[in-house]
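The data block below is upload.json; it holds JSON, C-alpha atoms.
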[["chain", "number", "residue", "atom", "x", "y", "z"],
["O", 412, "MET", "CA", 40.72, 2.28, -62.77],
["O", 413, "ASN", "CA", 40.65, -0.33, -65.46],
["O", 414, "LYS", "CA", 37.60, -1.13, -67.53],
["O", 415, "THR", "CA", 36.97, -4.62, -66.23],
["O", 416, "GLU", "CA", 33.44, -5.56, -65.24],
["O", 417, "ARG", "CA", 34.65, -6.10, -61.69],
["O", 418, "SER", "CA", 36.00, -2.57, -61.35],
["O", 419, "LYS", "CA", 32.80, -1.16, -62.88],
["O", 420, "SER", "CA", 30.78, -3.17, -60.37],
["O", 421, "PHE", "CA", 32.94, -1.81, -57.55],
["O", 422, "LEU", "CA", 32.47, 1.80, -58.71],
["O", 423, "TYR", "CA", 28.74, 1.29, -59.15],
["O", 424, "LYS", "CA", 28.31, -0.11, -55.63],
["O", 425, "LYS", "CA", 30.58, 2.48, -54.05],
["O", 426, "TYR", "CA", 29.00, 5.55, -55.68],
["O", 427, "TYR", "CA", 25.39, 4.49, -56.35],
["O", 428, "GLY", "CA", 24.04, 6.14, -53.18],
["O", 429, "TYR", "CA", 25.93, 9.33, -53.96],
["O", 430, "VAL", "CA", 24.62, 9.44, -57.54],
["O", 431, "MET", "CA", 21.06, 8.76, -56.32],
["O", 432, "ALA", "CA", 21.37, 11.70, -53.90],
["O", 433, "VAL", "CA", 22.47, 13.98, -56.75],
["O", 434, "VAL", "CA", 19.76, 12.74, -59.10],
["O", 435, "GLY", "CA", 17.16, 12.93, -56.32],
["O", 436, "ARG", "CA", 17.58, 16.70, -56.21],
["O", 437, "TYR", "CA", 16.20, 16.84, -59.76],
["O", 438, "VAL", "CA", 13.97, 13.83, -60.26],
["O", 439, "ALA", "CA", 11.10, 13.23, -57.84],
["O", 440, "MET", "CA", 9.81, 9.85, -59.00],
["O", 441, "GLU", "CA", 11.84, 6.97, -57.53],
["O", 442, "MET", "CA", 11.75, 4.87, -60.72],
["O", 443, "GLU", "CA", 12.86, 7.81, -62.87],
["O", 444, "ALA", "CA", 15.62, 8.65, -60.36],
["O", 445, "GLN", "CA", 16.91, 5.07, -60.53],
["O", 446, "GLU", "CA", 16.77, 5.23, -64.33],
["O", 447, "ALA", "CA", 18.74, 8.49, -64.33],
["O", 448, "ALA", "CA", 21.29, 7.11, -61.86],
["O", 449, "ASN", "CA", 21.83, 3.99, -63.95],
["O", 450, "GLU", "CA", 22.08, 6.03, -67.14],
["O", 451, "SER", "CA", 24.65, 8.25, -65.39],
["O", 452, "PHE", "CA", 26.82, 5.21, -64.70],
["O", 453, "VAL", "CA", 26.49, 4.00, -68.29],
["O", 454, "LYS", "CA", 27.67, 7.42, -69.51],
["O", 455, "ALA", "CA", 30.46, 7.53, -66.92],
["O", 456, "PHE", "CA", 31.74, 4.08, -67.91],
["O", 457, "ARG", "CA", 31.74, 5.12, -71.58],
["O", 458, "LYS", "CA", 33.74, 8.25, -70.73],
["O", 459, "LEU", "CA", 36.03, 6.71, -68.11],
["O", 460, "GLU", "CA", 39.11, 7.22, -70.29],
["O", 461, "THR", "CA", 38.49, 10.99, -70.22],
["O", 462, "PHE", "CA", 38.65, 11.13, -66.42],
["O", 463, "GLN", "CA", 42.02, 12.40, -65.23],
["O", 464, "MET", "CA", 43.53, 10.16, -62.59],
["O", 465, "HIS", "CA", 45.34, 11.50, -59.54],
["O", 466, "GLU", "CA", 47.84, 9.66, -57.39],
["O", 467, "ASP", "CA", 46.49, 10.96, -54.06],
["O", 468, "ASP", "CA", 43.51, 8.78, -53.07],
["O", 469, "ASP", "CA", 41.63, 11.62, -51.32],
["O", 470, "ILE", "CA", 41.98, 13.94, -54.29],
["O", 471, "LEU", "CA", 41.10, 11.09, -56.66],
["O", 472, "ASP", "CA", 37.89, 10.37, -54.72],
["O", 473, "ARG", "CA", 36.85, 14.04, -54.59],
["O", 474, "THR", "CA", 37.54, 14.68, -58.27],
["O", 475, "PHE", "CA", 35.81, 11.45, -59.30],
["O", 476, "ARG", "CA", 32.75, 12.34, -57.20],
["O", 477, "SER", "CA", 32.65, 15.79, -58.76],
["O", 478, "TRP", "CA", 33.03, 14.36, -62.27],
["O", 479, "LEU", "CA", 30.34, 11.75, -61.63],
["O", 480, "ALA", "CA", 28.01, 14.37, -60.09],
["O", 481, "ARG", "CA", 28.30, 16.55, -63.20],
["O", 482, "ILE", "CA", 27.33, 13.56, -65.35],
["O", 483, "ALA", "CA", 24.40, 12.80, -63.02],
["O", 484, "VAL", "CA", 23.17, 16.41, -63.12],
["O", 485, "ASN", "CA", 23.35, 16.51, -66.91],
["O", 486, "THR", "CA", 21.61, 13.14, -67.19],
["O", 487, "SER", "CA", 18.84, 14.34, -64.87],
["O", 488, "ILE", "CA", 18.41, 17.50, -66.91],
["O", 489, "ASP", "CA", 18.28, 15.44, -70.11],
["O", 490, "LEU", "CA", 15.55, 13.28, -68.57],
["O", 491, "LEU", "CA", 13.54, 16.35, -67.55],
["O", 492, "ARG", "CA", 14.01, 17.91, -70.96],
["O", 493, "ALA", "CA", 12.88, 14.73, -72.70],
["O", 494, "LYS", "CA", 9.65, 14.51, -70.72],
["O", 495, "LYS", "CA", 9.06, 18.27, -70.78],
["O", 496, "THR", "CA", 5.61, 19.28, -71.82],
["O", 497, "THR", "CA", 4.89, 22.73, -73.11],
["O", 498, "TYR", "CA", 5.29, 25.22, -70.30],
["O", 499, "THR", "CA", 3.77, 28.65, -70.37],
["O", 500, "TYR", "CA", 6.39, 31.33, -70.13],
["O", 501, "ASP", "CA", 5.13, 34.49, -68.55],
["O", 502, "GLU", "CA", 7.18, 37.39, -67.40],
["O", 503, "VAL", "CA", 7.63, 38.27, -63.74],
["O", 504, "SER", "CA", 7.98, 41.85, -62.62],
["O", 505, "GLU", "CA", 11.20, 42.99, -60.96],
["O", 506, "GLU", "CA", 9.49, 43.35, -57.59],
["O", 507, "ASN", "CA", 8.47, 39.68, -57.70],
["O", 508, "LEU", "CA", 12.07, 38.71, -58.33],
["O", 509, "LEU", "CA", 13.17, 40.11, -54.99],
["O", 510, "SER", "CA", 14.06, 37.36, -52.56],
["O", 511, "HIS", "CA", 12.09, 37.03, -49.38],
["O", 512, "SER", "CA", 13.97, 35.50, -46.52],
["O", 513, "VAL", "CA", 12.60, 32.83, -44.28],
["O", 514, "MET", "CA", 13.83, 32.32, -40.75],
["O", 515, "ILE", "CA", 15.46, 28.90, -40.79],
["O", 516, "ASN", "CA", 14.78, 26.71, -37.83],
["O", 517, "ASP", "CA", 17.97, 25.16, -36.47],
["O", 518, "GLN", "CA", 16.11, 21.88, -36.20],
["O", 519, "LEU", "CA", 15.26, 21.77, -39.91],
["O", 520, "ALA", "CA", 17.09, 18.65, -41.09],
["O", 521, "VAL", "CA", 18.49, 17.95, -44.54],
["O", 522, "ASP", "CA", 15.80, 15.29, -44.99],
["O", 523, "ASP", "CA", 13.13, 17.90, -44.28],
["O", 524, "ILE", "CA", 14.60, 20.25, -46.87],
["O", 525, "MET", "CA", 14.79, 17.42, -49.42],
["O", 526, "LYS", "CA", 11.13, 16.54, -48.78],
["O", 527, "LEU", "CA", 10.16, 20.17, -49.41],
["O", 528, "LEU", "CA", 12.19, 20.23, -52.64],
["O", 529, "GLN", "CA", 10.55, 17.01, -53.82],
["O", 530, "ARG", "CA", 7.15, 18.71, -53.59],
["O", 531, "LEU", "CA", 8.12, 21.28, -56.23],
["O", 532, "PRO", "CA", 7.15, 20.70, -59.87],
["O", 533, "ASP", "CA", 10.02, 19.12, -61.86],
["O", 534, "ILE", "CA", 10.94, 22.25, -63.80],
["O", 535, "GLN", "CA", 10.98, 24.45, -60.67],
["O", 536, "ARG", "CA", 13.03, 21.91, -58.71],
["O", 537, "ALA", "CA", 15.53, 21.58, -61.56],
["O", 538, "ILE", "CA", 15.96, 25.33, -61.94],
["O", 539, "PHE", "CA", 16.21, 25.83, -58.16],
["O", 540, "ASN", "CA", 18.95, 23.18, -57.96],
["O", 541, "LEU", "CA", 20.84, 24.42, -60.98],
["O", 542, "PHE", "CA", 20.81, 28.03, -59.78],
["O", 543, "GLU", "CA", 21.03, 27.74, -55.99],
["O", 544, "ILE", "CA", 23.03, 24.54, -55.56],
["O", 545, "GLU", "CA", 25.02, 24.04, -58.75],
["O", 546, "GLY", "CA", 25.68, 27.77, -59.30],
["O", 547, "PHE", "CA", 24.57, 28.07, -62.92],
["O", 548, "THR", "CA", 23.44, 31.46, -64.25],
["O", 549, "HIS", "CA", 19.95, 31.93, -65.70],
["O", 550, "GLU", "CA", 21.53, 32.19, -69.14],
["O", 551, "GLU", "CA", 23.26, 28.80, -68.67],
["O", 552, "ILE", "CA", 20.08, 27.24, -67.28],
["O", 553, "GLY", "CA", 18.11, 28.54, -70.25],
["O", 554, "LYS", "CA", 20.55, 26.89, -72.65],
["O", 555, "LYS", "CA", 20.59, 23.60, -70.71],
["O", 556, "LEU", "CA", 16.80, 23.36, -70.51],
["O", 557, "ASP", "CA", 16.12, 25.02, -73.87],
["O", 558, "ILE", "CA", 13.99, 27.76, -72.30],
["O", 559, "PRO", "CA", 14.27, 31.57, -72.32],
["O", 560, "GLU", "CA", 16.41, 33.13, -69.60],
["O", 561, "SER", "CA", 13.34, 35.02, -68.31],
["O", 562, "THR", "CA", 11.51, 31.72, -67.88],
["O", 563, "SER", "CA", 14.34, 30.44, -65.71],
["O", 564, "ARG", "CA", 13.97, 33.53, -63.52],
["O", 565, "THR", "CA", 10.20, 33.08, -63.38],
["O", 566, "TYR", "CA", 10.40, 29.45, -62.32],
["O", 567, "LEU", "CA", 13.11, 30.17, -59.75],
["O", 568, "THR", "CA", 10.89, 32.86, -58.24],
["O", 569, "ARG", "CA", 7.95, 30.46, -58.18],
["O", 570, "ALA", "CA", 10.08, 27.71, -56.65],
["O", 571, "LYS", "CA", 11.28, 30.00, -53.86],
["O", 572, "HIS", "CA", 7.75, 31.23, -53.23],
["O", 573, "LYS", "CA", 6.40, 27.68, -53.08],
["O", 574, "LEU", "CA", 9.25, 26.53, -50.84],
["O", 575, "ARG", "CA", 8.52, 29.40, -48.43],
["O", 576, "LYS", "CA", 4.84, 28.48, -48.44],
["O", 577, "LEU", "CA", 5.57, 24.77, -47.89],
["O", 578, "TYR", "CA", 8.09, 25.62, -45.17],
["O", 579, "VAL", "CA", 5.57, 27.78, -43.30],
["O", 580, "GLU", "CA", 2.90, 25.08, -43.63],
["O", 581, "GLU", "CA", 5.25, 22.34, -42.42],
["O", 582, "PHE", "CA", 6.76, 24.47, -39.67],
["O", 583, "SER", "CA", 3.33, 25.59, -38.41],
["O", 584, "VAL", "CA", 2.09, 21.99, -38.23],
["O", 585, "SER", "CA", 5.30, 20.85, -36.57],
["O", 586, "HIS", "CA", 5.36, 23.88, -34.26],
["O", 587, "ASN", "CA", 1.73, 23.36, -33.21],
["O", 588, "MET", "CA", 2.40, 19.68, -32.48],
["O", 589, "HIS", "CA", 5.26, 20.60, -30.13],
["O", 590, "SER", "CA", 3.39, 23.40, -28.34]]
Any chance you could give the structure as structure tokens?
Amino acid sequence: MNKTERSKSFLYKKYYGYVMAVVGRYVAMEMEAQEAANESFVKAFRKLETFQMHEDDDILDRTFRSWLARIAVNTSIDLLRAKKTTYTYDEVSEENLLSHSVMINDQLAVDDIMKLLQRLPDIQRAIFNLFEIEGFTHEEIGKKLDIPESTSRTYLTRAKHKLRKLYVEEFSVSHNMHS
């Protein structure tokens, strides 16, 4: 991949949808998501020399997507951190940290899950994504978001609780409509 404007344009067009999908897991507002996606590409183009090329096209595509996704996640987190207002950090008891399972409907589509995630407050959505999807620990999340580890746990618990509540509300409405 050379640094010509044409190759940058090609990469932008090819991966824009993918980057928007990654950013969309963290940033709810469409304009902010577009801003984060564009900023991710700017950062990626600046760091393109650091990306390690691979001769196999399939491996190259997968590693580039992974590299670009990491940039997009970090850019999204930076955006959330920059607009962060003061959050109250209260402790959650151990019993509240226990996970409660929800029966997943086989018909629940990815779009439905994404719509539920978009209804979470920014900080809860970010922590949910970082922990459950990206695999970060609470300690790592705390460092990334500049919050105490216990706050990360608290917001994850709240996010899961809210997602369960939203799921039940959505499923009940949908279930009643089909009955």
Size and centre in Å, one decimal, axis-aligned box, all listed range 415-420 of chain O atoms plus 8 Å per side, as AutoDock Vina command-line options:
--center_x 33.9 --center_y -3.6 --center_z -63.3 --size_x 22.2 --size_y 20.9 --size_z 21.9
With all atoms listed in the file as the basis for distance, which of O:Asp467, O:Arg564, O:Val484, O:Leu490 is at the shortest distance from Leu541 in chain O?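 Closest to Leu541 in chain O of all the choices is O:Val484.
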Calculate how many Å separate CA of Leu531 in chain O from CA of Lys454 in chain O, rounding to one decimal. 27.4 Å
From CA of Arg457 in chain O to CA of Tyr429 in chain O the spacing works out at 19.0 Å
What lies within 6 Å of range 441-448 of chain O using all atoms listed in the file, ignoring chain neighbours under 5 positions off, as a count of residues only? 4
Would you please work out which residue, of O:Asp557, O:Asp533, O:Thr562, O:Leu528, is nearest to Arg575 in chain O when using only C-alpha atoms?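 Nearest candidate to Arg575 in chain O out of O:Asp557, O:Asp533, O:Thr562, O:Leu528: O:Leu528.
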Can you tell me how far CA of Met440 in chain O sits from CA of Ala570 in chain O, in Å to one decimal?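 Going from CA of Met440 in chain O over to CA of Ala570 in chain O covers 18.0 Å.
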Quick one: of O:Asn449, O:Arg417, O:Lys425, O:Lys571, who's nearest to Phe475 in chain O, counting only C-alpha atoms?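 Ranking O:Asn449, O:Arg417, O:Lys425, O:Lys571 by distance to Phe475 in chain O, first place goes to O:Lys425.
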Using all atoms listed in the file, pick whichever of O:Arg436, O:Lys419, O:His465, O:Arg481 has the shortest atom-to-atom distance to Ala537 in chain O.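 Ranked by minimum distance to Ala537 in chain O, first place goes to O:Arg436.
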Contact residues around Ser563 in chain O with all atoms listed in the file at 10 Å, ignoring same-chain residues under 4 positions, as an MDAnalysis selection string: chainID O and resid 500 534:535 537:539 542 548:554 556:559 567:569
Determine the nearest neighbour of Gln463 in chain O from the options O:Tyr427, O:Trp478, O:Tyr566, O:Phe547, counting only C-alpha atoms.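 Counting only C-alpha atoms, the residue closest to Gln463 in chain O is O:Trp478.
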Rank O:Met525, O:Leu491, O:Val433, O:Leu422 by their smallest atom-to-atom distance to Leu459 in chain O, using all atoms listed in the file, and report the top residue only. O:Leu422
